[in-house]
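These notes concern the structure reproduced below.
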Amino acid sequence: MQTLNMRMRWARLLSFIMVASLLVFGISSIKALELEPSPMKKQPPANLPFLLKGTVELLGKAVSNLSVTLYEVQETHSRAVGKAVTDNQGQFFIFRNGDSKQSPLYLIARGTENSPVALMAIVDLDKMASSHTRHIVINELTTVAAVWVTAQFLDGDMLTGNAVGLHNAMGNANNLIDVATGDVAPLVMDGVNIQTTTLSILYSLGNLLGACAGGNDCDGLFKAATPPIGSPPTNTLQAALNIARNPWRNIETLFGLLPDQNSAYFKPILRYAPTAWTLSLIYTGGGLDAPGGVSIDAKGFIWTNNNFLVGSQSFLQQRGFSGLGVTKLTPNGKPLSPPFGFQGAGINGAGFGIAIDQRGHIWVGNFAGNSVSELDANARPANDIGYTANGGTNKIQGTVVDQRGNVWAANLGGSSVSFFPVGRPKDGVTFDGATYPKCGFNQPFGIAIDHNGHPWIANMGSSTIAKIVLDNPELCPEGTVDVGSAPQMIAIDSIGNLWITHFARGHVTLYQPATGGKADYDAGGSLVGGWGIAVDGKDNVWIADFWGTRVVQLCGVPEDCPSQQHRVGDRISSSTGYGGAGGLQHMTSIAIDQAGNVLVTNNNNSQSLCDTAIPLDEPTSVKQEKQTMGCGGNGVLTFYGLAAPVGAPLIGPPFQP
């Protein structure tokens, strides 16, 4: 017994020496890698230290002799702050001094010089903050999540870019993967998202990386992951990044590299090729029910106005719009608004229009309430009844803010446009078509603001658009421009070109005011009926195809496209468009945030159910009871890291943050 006790004491002493050695190694590594602090921000005061204890795995097996580097993101760039090597159990230890602001951290594990192994994981500090020992797994799935959400910022091993977008992008990784386990996060498995193929896409991509890094079968992956312009990748991290940035490329080829269901390590995997190798999730809660419009604020928070009230039996034909709430979500989709949304300020049957001004105030166009509502940055109502421009507002749709802070609203029902001057919204006025015939107001729907602060109006009831010049007595001195029937929404690029959707037609129109040039583009026949439209930070064009339930991406002006074969108006997305892992419904609005995420509003689940009127004076059948809840869309779907980031709030043309 004495010999056994002595052996146990020696074992404990040996364990203590090993841990102490690892801690010393971690501290010395940090000192060796310490860089100059960010010029943007002074170093925060030191806090309690913690130990990062992790495991690197490939196809479920521990990997030894990998170099693991810890990086910290400070404002707009990253720097190495620790290093370790995995042992025979694939474990590593890195000692790190904490800081009061807990700067975002990520890890990259690499093999020897010619090894194809390169993996990544973003540290979830929020989940681990209760312990001074942080456990983390680095594997194929953590790599996929980290690369897709930071696709617009990753260059080699470094992350650089605008501070808001970069920090928010890293926070999105936790929606996809739980780095404490190395497997999918709860949001992927929730009631809405588990009905999409996002889980299977994640697992399929994990198997592709695993076959290369864990099985040394890389030729097919590296060939298929070669970018349109550039060299083939030499490791799994670069291969993953190339796929994330070009998800429309070699879709079938990559799908053909997958193992069968039985031999796959991560299960389930895709049985059919996806529309693109994108990763997306649907955000719900906080009052989301048939969201009409979506806007992003300066911190990346997501705001929507909702056509219906959560839980209500709403039908467009029978009851009209019943939305009474505005939803606010964190940049990674967590609801900050109450279950029925923020209410008050006269919000009543919100339609499509929602905008954010320079102060962070939220402006909502009320289709049913015939008014414009204002909430401050904390979602407190500015008044009780909204603003009506002396009673001129009528079935409002498009609602925008110009560079001076003035608010503009399109009155679909009144064939007019209302103007609310900055700081004096109660003094709003309405411009009607009879008084200003050169504007051609006819069921105006969309509004966009150009570089000079001039609103461009889409007259959906005709075939024209018109530019308003506020200080001109004719209001629209240049008259109207014929762009084809039923123009719906307008987006303006960084050099002043207009892109216009037509709800009832399978194309978009490019109008160039500087030259008067016009052209129509149908995305190679893959566009059915676009509604929402946005321009990203590289001036490429994104369309929410309402009837096609897909997102379509086109080359913009100038030709900043991913392939030399692409020209202005060419389709970048796959021939079927981006399907959002099967999670897209009928969409009305599309926006791009500072992280390069593309957000669309699932406004309408079934147009036929929205148009079906169930008699109120007859007994309800089982089928009808189900149909009464079948109209409204289920939330906001987000494609991670898919577009060039855009600054927010969007006031006028897009700008790089």
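As shown in the structure tokens, the chain order sets the letters A, B, ...; within each chain, residues go from 1, and ligands are also counted from 1 in the order they appear.
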
Nearby residues (only C-alpha atoms) at most 10 Å from Glu478 in chain A, same-chain spacing under 2 positions excluded, as number ranges by chain: A: 438-439, 466-469, 474-476, 480-481

Please, which residues in range 234-280 of chain A fall within 9 Å of range 574-589 of chain A when counting only C-alpha atoms, and what is the closest atom pair and distance in Å to one decimal for each, ordered by chain then residue number, as a Markdown table?
```
| residue | atom | partner | partner_atom | distance |
| --- | --- | --- | --- | --- |
| A:Pro247 | CA | A:Ser574 | CA | 8.4 |
| A:Trp248 | CA | A:Ser574 | CA | 4.9 |
| A:Arg249 | CA | A:Ser574 | CA | 7.5 |
| A:Ile251 | CA | A:Ser574 | CA | 8.5 |
| A:Pro274 | CA | A:Ala581 | CA | 7.1 |
| A:Thr275 | CA | A:Tyr578 | CA | 5.8 |
| A:Ala276 | CA | A:Tyr578 | CA | 6.0 |
| A:Trp277 | CA | A:Tyr578 | CA | 8.9 |
| A:Thr278 | CA | A:Gly580 | CA | 7.2 |
| A:Leu279 | CA | A:Gly580 | CA | 7.4 |
| A:Ser280 | CA | A:Gly580 | CA | 5.9 |
```

DSSP on the backbone, helix (DSSP H, G or I) only: what residues of range 132-344 of chain A does that give? Format it as JSON, numbers by chain. {"A": [140, 141, 142, 143, 144, 145, 146, 147, 148, 149, 163, 164, 165, 166, 167, 168, 169, 170, 171, 172, 173, 174, 175, 176, 186, 187, 188, 189, 193, 194, 195, 198, 199, 200, 201, 202, 203, 204, 205, 206, 207, 208, 209, 210, 211, 212, 213, 219, 220, 221, 222, 223, 224, 236, 237, 238, 239, 240, 241, 242, 243, 244, 245, 251, 252, 253, 254, 255, 256, 316, 317, 318, 319]}

Please extract the residues of range 306-451 of chain A with a backbone DSSP assignment of strand (DSSP E or B) and present them as an MDAnalysis selection string. chainID A and resid 306 326:329 335 342 350:356 362:366 371:375 381 387 396:401 407:411 416:420 429:432 444:449

Near Val483 in chain A, within 8 Å and counting only C-alpha atoms, which residues show up once chain neighbours fewer than 6 positions away are dropped, as a ChimeraX atom specification? /A:463-465,509,511,518

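The smallest atom-to-atom distance between Ile347 in chain A and any of A:Pro116, A:Pro331, A:Gly548, A:Pro381, using only C-alpha atoms, is found for A:Pro381.
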
So what do you get for CA of Asn378 in chain A versus CA of Val646 in chain A, distance-wise? 23.0 Å
